[in-house]
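K.L.:
The structure that follows is given in the form of C-alpha cells.
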Amino acid sequence: MARTSLSGFPEWLPDGRIVEQSVLDHLRRIFELHGFAGIETRAVETLEQLESKGETSKEVYVLERLQALKEAEAGGRGSSHERRMGLHFDLTVPFARYVIENANDLDFPFKRYQIQKVWRGERPQEGRFREFTQADIDVVGNGELPFHFEVELPLVMAEALTSLPIPPVHVLVNNRKVVQGVCESIGVGDVDAALRGLDKLDKIGPEGVAEELAASGITGAQASTLLAMAEIRTDSPEEIRTRVGELGVSGGMLEEGLVELCELVATAASRVPGVVVADLRIARGLDYYTGSVYETVVEGHEDLGSICSGGRYDSLATDGKRTYPGVGLSIGVSRLVSRMISVPLVRATRKVPTAVLVAVIDESDRHRSDDIATLLRSRGIPSDVAPAAAKFGKQIRHADRRGIPFVWFPGADGAPDTVKDIRSGDQVEARAGTWTPPAADLLPRVEAAD
C-alpha cells in the first residue's frame, strides 16, 4: 500500500488493486448466483437519518459547501438554512431509507447486495480505515420475513469467503432470543446492558465484563451464569442443548431461540461442515438485532477481528404504517484485502491487465505494432504496445517488470510474426487473427502466496 499523508484512506498499488478487484468480482458473482440484485445508494444522507443510529453519530463526516462556510465565517447565514448532510458510515442506514422510499416498486422479499465506499471518523489502525469498501447482502420482507432466510444468509457468506484464497474462516452464530431468554430466566431486567457487556468479552475479558455487568446492577451469580453461557462454542446442536440445560435456565423465549439456533447449526453442518459454529458469546452490541446474529473470523488471523458481521432485525425500516423486517451481513472488504496484501496471503500474477506487449521495431513502423495490438484486443486479448523502439532486450524487461507474460515481435522484411513467452523463453510463429494465450494467462489471477 502506498504511503499517504492522510492516514486511514487506503490507496493500493496496482497489484493490490488487482487483488481487491478480484475479491469484489468474486463476491458479486456469488451474490448474484444466489439471487441478490445489486443496488447503489447515494454517498450522503441527512444528519437526521445518520444520527438515528445514535452510537455511531460521533463518527459521521459532515458535508459543508465551501461558500457556505465562508459566508458563516463572515457573519452571514452560511449553511444554517440548508439541510445538513453527512457521508454514510455504513450501508444499512441508506438501505433502510431506500426500502421505504421505493417500497411500492420493490418485490418482497427483496434480496439485495450493495458494494460501496463508506466513511467513518474513527482512529485509523491496522484493518480499520476512515474510508473503506463494504459488501452487504440483505433480505427484507414486508411485514414478515420467514426464519429460513436467517439460515440462508450465513451460508451464502460462508460460500463466498471459503472460496477465496485465504485461510479457513469460521462463521460464528448466536441468537439474541437465547441471550434474552437466559437473562429473563435468571432475573436480569436490563438485557441491553447484558448484551453490551458480553459483546466486549474478547476485548476486556471475563473479569472486565463482570465489572461492567455489576455496574449495571447485575449480581455476581447472574454474571456467572451469563459468562458460563458465553463459554459455549460448538457446531453440534445436541451439545448446544446439553450445555444450555446445564445452566439451569428455561423459558419460552429461550426455547424459541434454541430451536432457531440449532436449526441453523444443523443445516450448516450438512452444507458447509466445520464452517458455521454456534458461539454464545456473540451478542452484537447494536440494539436493533432481534434474532440470529453473526460474526466471522479468519483462522490464524483472529487479531483482525470480525471481517463479516450482521444479524436479524425486525424493524430496521418503518414508514409508520408498514414495518420491513430483514436479515443481513456486511463484509469489511478493505479490512480483509489489507490483510491479504500485507502478510501477504495472496499475490497477483501480474501488475497490469496486459497479456501481450507488442514490440516496436522502429518508430517509423509503430503503426504495424498498433495494428497488431488492435486486432488482438478485438479478440478479447488485453494488449499494449511498447513505449519506445528500444533494443528488444529492453522491451522484454519492460514487460517482465509488469509481469506481462508474452512479447509479440512483428516480422521484418516479410518474415512471419513471432510471440515469446518470456517466462520459459519459448518463441513461436503467430498470427494476430488466430493466436490465443493459454486461458490461465489471459487475465491476471490472484493466487495464494507461497
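Scheme for the C-alpha cells: letters A, B, ... for chains in order shown; per-chain residue numbers from 1; ligand numbers from 1 in order shown.
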Can you tell me which residues surround range 86-98 of chain A at a distance of at most 10 Å, considering only C-alpha atoms, apart from same-chain residues fewer than 2 positions away, and format the answer as a ChimeraX atom specification?
P.N.:
/A:39-53,56-57,59-64,84,100-103,112,114-121,130-138,140,315-319,324,326,328-330
K.L.:
List the spatial neighbours of Gly245 in chain A as a list of chain:residue names - criterion: any atom at most 12 Å away, only C-alpha atoms, same-chain residues fewer than 6 positions off excluded.
P.N.:
A:Val178, A:Val182, A:Ser185, A:Thr225, A:Ala228, A:Met229, A:Ile232, A:Glu238, A:Glu239, A:Gly251, A:Leu254, A:Glu255, A:Leu258
K.L.:
Would you compute the distance between CA of Leu195 in chain A and CA of Arg281 in chain A? Give it in Å to one decimal.
P.N.:
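Pair CA of Leu195 in chain A / CA of Arg281 in chain A returns 9.1 Å.
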K.L.:
Calculated over only C-alpha atoms, which of the candidates A:Pro325, A:Ala412, A:Gly181, A:Arg312 has the smallest distance to Glu256 in chain A?
P.N.:
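Between A:Pro325, A:Ala412, A:Gly181, A:Arg312, the residue approaching Glu256 in chain A most closely is A:Gly181.
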K.L.:
Do you know which residues are at most 9 Å from Ala194 in chain A counting only C-alpha atoms, after dropping those on the same chain fewer than 3 positions away, and could you put them as a PyMOL selection string?
P.N.:
chain A and resi 179-180+183+188+190-191+197-199+212-213+216+218+223+226
K.L.:
How about saving the chosen residues, N, CA, C and O atoms kept, as a compact mmCIF listing (two decimals), in the first residue's frame?
P.N.:
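This is the output file selection02.txt:
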```
# COMPACT_ATOMS: atom_id res chain seq x y z
N VAL A 179 -29.94 -15.33 24.37
CA VAL A 179 -29.36 -14.45 25.39
C VAL A 179 -30.47 -13.79 26.21
O VAL A 179 -30.41 -13.74 27.44
N GLN A 180 -31.49 -13.29 25.50
CA GLN A 180 -32.59 -12.65 26.21
C GLN A 180 -33.33 -13.64 27.09
O GLN A 180 -33.72 -13.32 28.23
N CYS A 183 -31.36 -14.29 30.20
CA CYS A 183 -31.49 -13.12 31.10
C CYS A 183 -32.83 -13.15 31.84
O CYS A 183 -32.89 -12.92 33.06
N VAL A 188 -32.48 -11.06 35.09
CA VAL A 188 -31.77 -9.85 34.64
C VAL A 188 -32.74 -9.00 33.84
O VAL A 188 -33.19 -9.40 32.77
N ASP A 190 -32.17 -5.70 32.76
CA ASP A 190 -31.52 -4.85 31.76
C ASP A 190 -30.78 -5.73 30.75
O ASP A 190 -29.57 -5.93 30.83
N VAL A 191 -31.54 -6.26 29.80
CA VAL A 191 -30.97 -7.17 28.81
C VAL A 191 -29.95 -6.45 27.94
O VAL A 191 -28.90 -7.00 27.59
N GLY A 197 -22.28 -5.81 27.62
CA GLY A 197 -21.16 -6.37 28.36
C GLY A 197 -20.57 -7.59 27.70
O GLY A 197 -19.35 -7.70 27.52
N LEU A 198 -21.42 -8.53 27.29
CA LEU A 198 -20.93 -9.75 26.65
C LEU A 198 -20.25 -9.45 25.32
O LEU A 198 -19.32 -10.17 24.92
N ASP A 199 -20.69 -8.41 24.66
CA ASP A 199 -20.11 -8.05 23.36
C ASP A 199 -18.66 -7.60 23.50
O ASP A 199 -17.91 -7.59 22.53
N GLU A 212 -18.36 -4.65 34.42
CA GLU A 212 -19.34 -3.85 33.68
C GLU A 212 -20.77 -4.28 34.01
O GLU A 212 -21.66 -3.44 34.16
N LEU A 213 -20.98 -5.59 34.11
CA LEU A 213 -22.31 -6.09 34.44
C LEU A 213 -22.72 -5.65 35.84
O LEU A 213 -23.86 -5.26 36.08
N SER A 216 -24.04 -2.29 36.08
CA SER A 216 -25.40 -2.18 35.54
C SER A 216 -26.42 -2.82 36.47
O SER A 216 -27.59 -2.97 36.09
N ILE A 218 -26.28 -5.96 37.72
CA ILE A 218 -26.37 -7.42 37.57
C ILE A 218 -25.53 -8.07 38.66
O ILE A 218 -24.36 -7.73 38.84
N ALA A 223 -24.12 -12.77 36.75
CA ALA A 223 -22.99 -12.60 35.84
C ALA A 223 -22.29 -13.93 35.60
O ALA A 223 -21.85 -14.21 34.47
N LEU A 226 -24.24 -15.81 33.01
CA LEU A 226 -24.06 -15.22 31.68
C LEU A 226 -22.68 -15.56 31.11
O LEU A 226 -22.55 -15.87 29.93
```
K.L.:
With only C-alpha atoms as the counted atoms, please give the residues lying no more than 9 Å from Leu27 in chain A, apart from itself and same-chain residues fewer than 2 positions off, as a list of chain:residue names.
P.N.:
A:Ser22, A:Val23, A:Leu24, A:Asp25, A:Arg29, A:Ile30, A:Phe31, A:Glu32, A:Ala135, A:Met157, A:Ala160, A:Leu161
K.L.:
Can I get the selection written as a compact mmCIF listing (two decimals), in the first residue's frame, with all heavy atoms?
P.N.:
```txt
# COMPACT_ATOMS: atom_id res chain seq x y z
N SER A 22 -10.41 -8.48 -7.70
CA SER A 22 -10.71 -9.90 -7.78
C SER A 22 -11.68 -10.32 -6.68
O SER A 22 -12.62 -11.08 -6.92
CB SER A 22 -9.41 -10.72 -7.68
OG SER A 22 -9.69 -12.10 -7.61
N VAL A 23 -11.44 -9.80 -5.47
CA VAL A 23 -12.34 -10.11 -4.35
C VAL A 23 -13.74 -9.56 -4.62
O VAL A 23 -14.75 -10.25 -4.43
CB VAL A 23 -11.77 -9.53 -3.03
CG1 VAL A 23 -12.80 -9.65 -1.91
CG2 VAL A 23 -10.49 -10.26 -2.64
N LEU A 24 -13.81 -8.32 -5.09
CA LEU A 24 -15.11 -7.71 -5.37
C LEU A 24 -15.87 -8.45 -6.47
O LEU A 24 -17.08 -8.69 -6.36
CB LEU A 24 -14.93 -6.24 -5.75
CG LEU A 24 -14.36 -5.32 -4.66
CD1 LEU A 24 -14.14 -3.92 -5.22
CD2 LEU A 24 -15.28 -5.28 -3.46
N ASP A 25 -15.15 -8.82 -7.53
CA ASP A 25 -15.79 -9.57 -8.62
C ASP A 25 -16.29 -10.91 -8.13
O ASP A 25 -17.38 -11.37 -8.51
CB ASP A 25 -14.80 -9.77 -9.78
CG ASP A 25 -14.49 -8.49 -10.52
OD1 ASP A 25 -15.24 -7.51 -10.35
OD2 ASP A 25 -13.48 -8.45 -11.25
N ARG A 29 -20.22 -12.12 -7.97
CA ARG A 29 -20.65 -13.33 -8.68
C ARG A 29 -21.41 -14.28 -7.76
O ARG A 29 -22.47 -14.81 -8.13
CB ARG A 29 -19.41 -14.02 -9.26
CG ARG A 29 -19.72 -15.25 -10.12
CD ARG A 29 -18.51 -15.66 -10.92
NE ARG A 29 -17.34 -15.90 -10.08
CZ ARG A 29 -16.27 -15.11 -10.02
NH1 ARG A 29 -16.24 -14.00 -10.75
NH2 ARG A 29 -15.24 -15.40 -9.24
N ILE A 30 -20.90 -14.48 -6.54
CA ILE A 30 -21.57 -15.37 -5.59
C ILE A 30 -22.93 -14.82 -5.20
O ILE A 30 -23.94 -15.54 -5.16
CB ILE A 30 -20.71 -15.58 -4.33
CG1 ILE A 30 -19.40 -16.32 -4.68
CG2 ILE A 30 -21.49 -16.36 -3.27
CD1 ILE A 30 -19.60 -17.73 -5.20
N PHE A 31 -23.00 -13.51 -4.92
CA PHE A 31 -24.27 -12.92 -4.52
C PHE A 31 -25.31 -13.06 -5.62
O PHE A 31 -26.47 -13.38 -5.35
CB PHE A 31 -24.07 -11.43 -4.18
CG PHE A 31 -23.16 -11.17 -3.00
CD1 PHE A 31 -22.58 -9.93 -2.84
CD2 PHE A 31 -22.88 -12.17 -2.07
CE1 PHE A 31 -21.75 -9.67 -1.75
CE2 PHE A 31 -22.04 -11.93 -0.99
CZ PHE A 31 -21.47 -10.68 -0.84
N GLU A 32 -24.90 -12.81 -6.85
CA GLU A 32 -25.85 -12.91 -7.96
C GLU A 32 -26.27 -14.35 -8.21
O GLU A 32 -27.42 -14.61 -8.60
CB GLU A 32 -25.25 -12.27 -9.21
CG GLU A 32 -25.11 -10.75 -9.09
CD GLU A 32 -24.53 -10.10 -10.33
OE1 GLU A 32 -24.13 -10.82 -11.26
OE2 GLU A 32 -24.47 -8.84 -10.36
N ALA A 135 -19.21 -4.71 1.57
CA ALA A 135 -20.07 -5.51 0.69
C ALA A 135 -21.17 -6.10 1.55
O ALA A 135 -20.89 -6.92 2.44
CB ALA A 135 -19.27 -6.60 -0.01
N MET A 157 -22.65 -16.29 2.73
CA MET A 157 -21.37 -15.68 3.10
C MET A 157 -20.30 -16.74 3.30
O MET A 157 -19.13 -16.54 2.93
CB MET A 157 -21.52 -14.84 4.36
CG MET A 157 -22.11 -13.47 4.11
SD MET A 157 -21.11 -12.50 2.92
CE MET A 157 -21.85 -10.87 3.15
N ALA A 160 -19.08 -17.65 -0.07
CA ALA A 160 -18.27 -16.57 -0.66
C ALA A 160 -16.88 -16.51 -0.05
O ALA A 160 -15.88 -16.37 -0.76
CB ALA A 160 -18.99 -15.23 -0.47
N LEU A 161 -16.78 -16.65 1.27
CA LEU A 161 -15.50 -16.47 1.95
C LEU A 161 -14.62 -17.70 1.88
O LEU A 161 -13.40 -17.60 1.75
CB LEU A 161 -15.74 -16.06 3.40
CG LEU A 161 -16.38 -14.68 3.59
CD1 LEU A 161 -16.76 -14.47 5.05
CD2 LEU A 161 -15.44 -13.58 3.13
```
K.L.:
Output as a Markdown table one row per residue of range 107-221 of chain A within 10 Å of range 266-279 of chain A: the closest atom pair and its distance in Å to one decimal place, counting only C-alpha atoms, sorted by chain and residue number ascending.
P.N.:
```
| residue | atom | partner | partner_atom | distance |
| --- | --- | --- | --- | --- |
| A:Val151 | CA | A:Thr267 | CA | 7.6 |
| A:Glu152 | CA | A:Ala268 | CA | 9.1 |
| A:Pro154 | CA | A:Val276 | CA | 8.0 |
| A:Leu155 | CA | A:Ala268 | CA | 6.8 |
| A:Ala158 | CA | A:Val275 | CA | 7.1 |
| A:Glu159 | CA | A:Val272 | CA | 8.0 |
| A:Thr162 | CA | A:Val275 | CA | 8.4 |
| A:Pro168 | CA | A:Val275 | CA | 8.0 |
| A:Val169 | CA | A:Val275 | CA | 6.6 |
| A:His170 | CA | A:Val275 | CA | 4.9 |
| A:Val171 | CA | A:Val276 | CA | 4.7 |
| A:Leu172 | CA | A:Val277 | CA | 5.0 |
| A:Val173 | CA | A:Ala278 | CA | 4.8 |
| A:Asn174 | CA | A:Ala278 | CA | 5.7 |
| A:Asn175 | CA | A:Ala278 | CA | 9.0 |
```
K.L.:
Applying 9 Å and only C-alpha atoms, which residues near Arg284 in chain A remain after dropping the ones on its own chain fewer than 2 positions away? List them as a list in words.
P.N.:
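These residues fall inside the cut-off: Arg176, Leu195, Arg196, Leu198, Asp199, Ile282, Leu286, Asp287, Tyr289, Val293, Tyr294, Glu295, Ser309, Gly310 and Gly311 of chain A.
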K.L.:
Just C-alpha atoms for this one: save the residues we selected as a PDB file, in the first residue's frame.
P.N.:
```pdb
ATOM      1  CA  ARG A 176     -30.464 -12.881  20.584  1.00  0.00           C
ATOM      2  CA  LEU A 195     -25.662  -7.716  25.691  1.00  0.00           C
ATOM      3  CA  ARG A 196     -23.306  -4.746  25.710  1.00  0.00           C
ATOM      4  CA  LEU A 198     -20.930  -9.753  26.651  1.00  0.00           C
ATOM      5  CA  ASP A 199     -20.110  -8.054  23.362  1.00  0.00           C
ATOM      6  CA  ILE A 282     -21.657 -13.381  20.127  1.00  0.00           C
ATOM      7  CA  LEU A 286     -26.408  -2.860  18.316  1.00  0.00           C
ATOM      8  CA  ASP A 287     -29.842  -2.984  19.869  1.00  0.00           C
ATOM      9  CA  TYR A 289     -30.887  -7.142  16.268  1.00  0.00           C
ATOM     10  CA  VAL A 293     -26.507 -12.724  14.910  1.00  0.00           C
ATOM     11  CA  TYR A 294     -23.274 -13.448  13.064  1.00  0.00           C
ATOM     12  CA  GLU A 295     -19.569 -12.701  13.189  1.00  0.00           C
ATOM     13  CA  SER A 309     -20.974  -9.362  10.770  1.00  0.00           C
ATOM     14  CA  GLY A 310     -24.713  -8.919  10.886  1.00  0.00           C
ATOM     15  CA  GLY A 311     -27.986 -10.365  12.044  1.00  0.00           C
TER      16      GLY A 311
END
```
K.L.:
Would you mind telling me which residue in A:Val244, A:Leu145, A:Val446, A:Cys308 lies nearest to Gln21 in chain A when using only C-alpha atoms?
P.N.:
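Once distances to Gln21 in chain A are computed over only C-alpha atoms, the minimum belongs to A:Val446.
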K.L.:
Let's see if you can do this: from backbone DSSP, list all strand (DSSP E or B) residues in range 200-300 of chain A, as a PyMOL selection string.
P.N.:
chain A and resi 233-234+276-279+289-298
K.L.:
Using backbone DSSP assignments, extract all helix (DSSP H, G or I) residues from range 178-321 of chain A; output them as a PyMOL selection string.
P.N.:
chain A and resi 178-186+191-198+201-215+220-230+237-245+252-271+302-304
K.L.:
CA of Arg347 in chain A and CA of Tyr113 in chain A are how many Å apart?
P.N.:
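So the answer is 26.8 Å.
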K.L.:
Would you list the contacts of Leu304 in chain A as a count of residues only, taking every protein, DNA or RNA residue within 9 Å and counting only C-alpha atoms, but skipping same-chain residues closer than 2 positions in sequence?
P.N.:
11
K.L.:
Quick one: residues within 9 Å of Leu442 in chain A, only C-alpha atoms, excluding same-chain residues fewer than 3 positions away - as an MDAnalysis selection string?
P.N.:
chainID A and resid 353:356 380:382 436:439
K.L.:
What gap, in Å, lies between CA of Val358 in chain A and CA of Arg379 in chain A?
P.N.:
15.0 Å
K.L.:
Counting only C-alpha atoms, which residue out of A:Leu6, A:Leu247, A:Leu13, A:Ile331 sits closest to Phe129 in chain A?
P.N.:
A:Leu6
K.L.:
Point out the residue among A:Val419, A:Ala72, A:Val360, A:Leu375 with the least atom-to-atom distance to Phe392 in chain A, counting only C-alpha atoms.
P.N.:
A:Val360
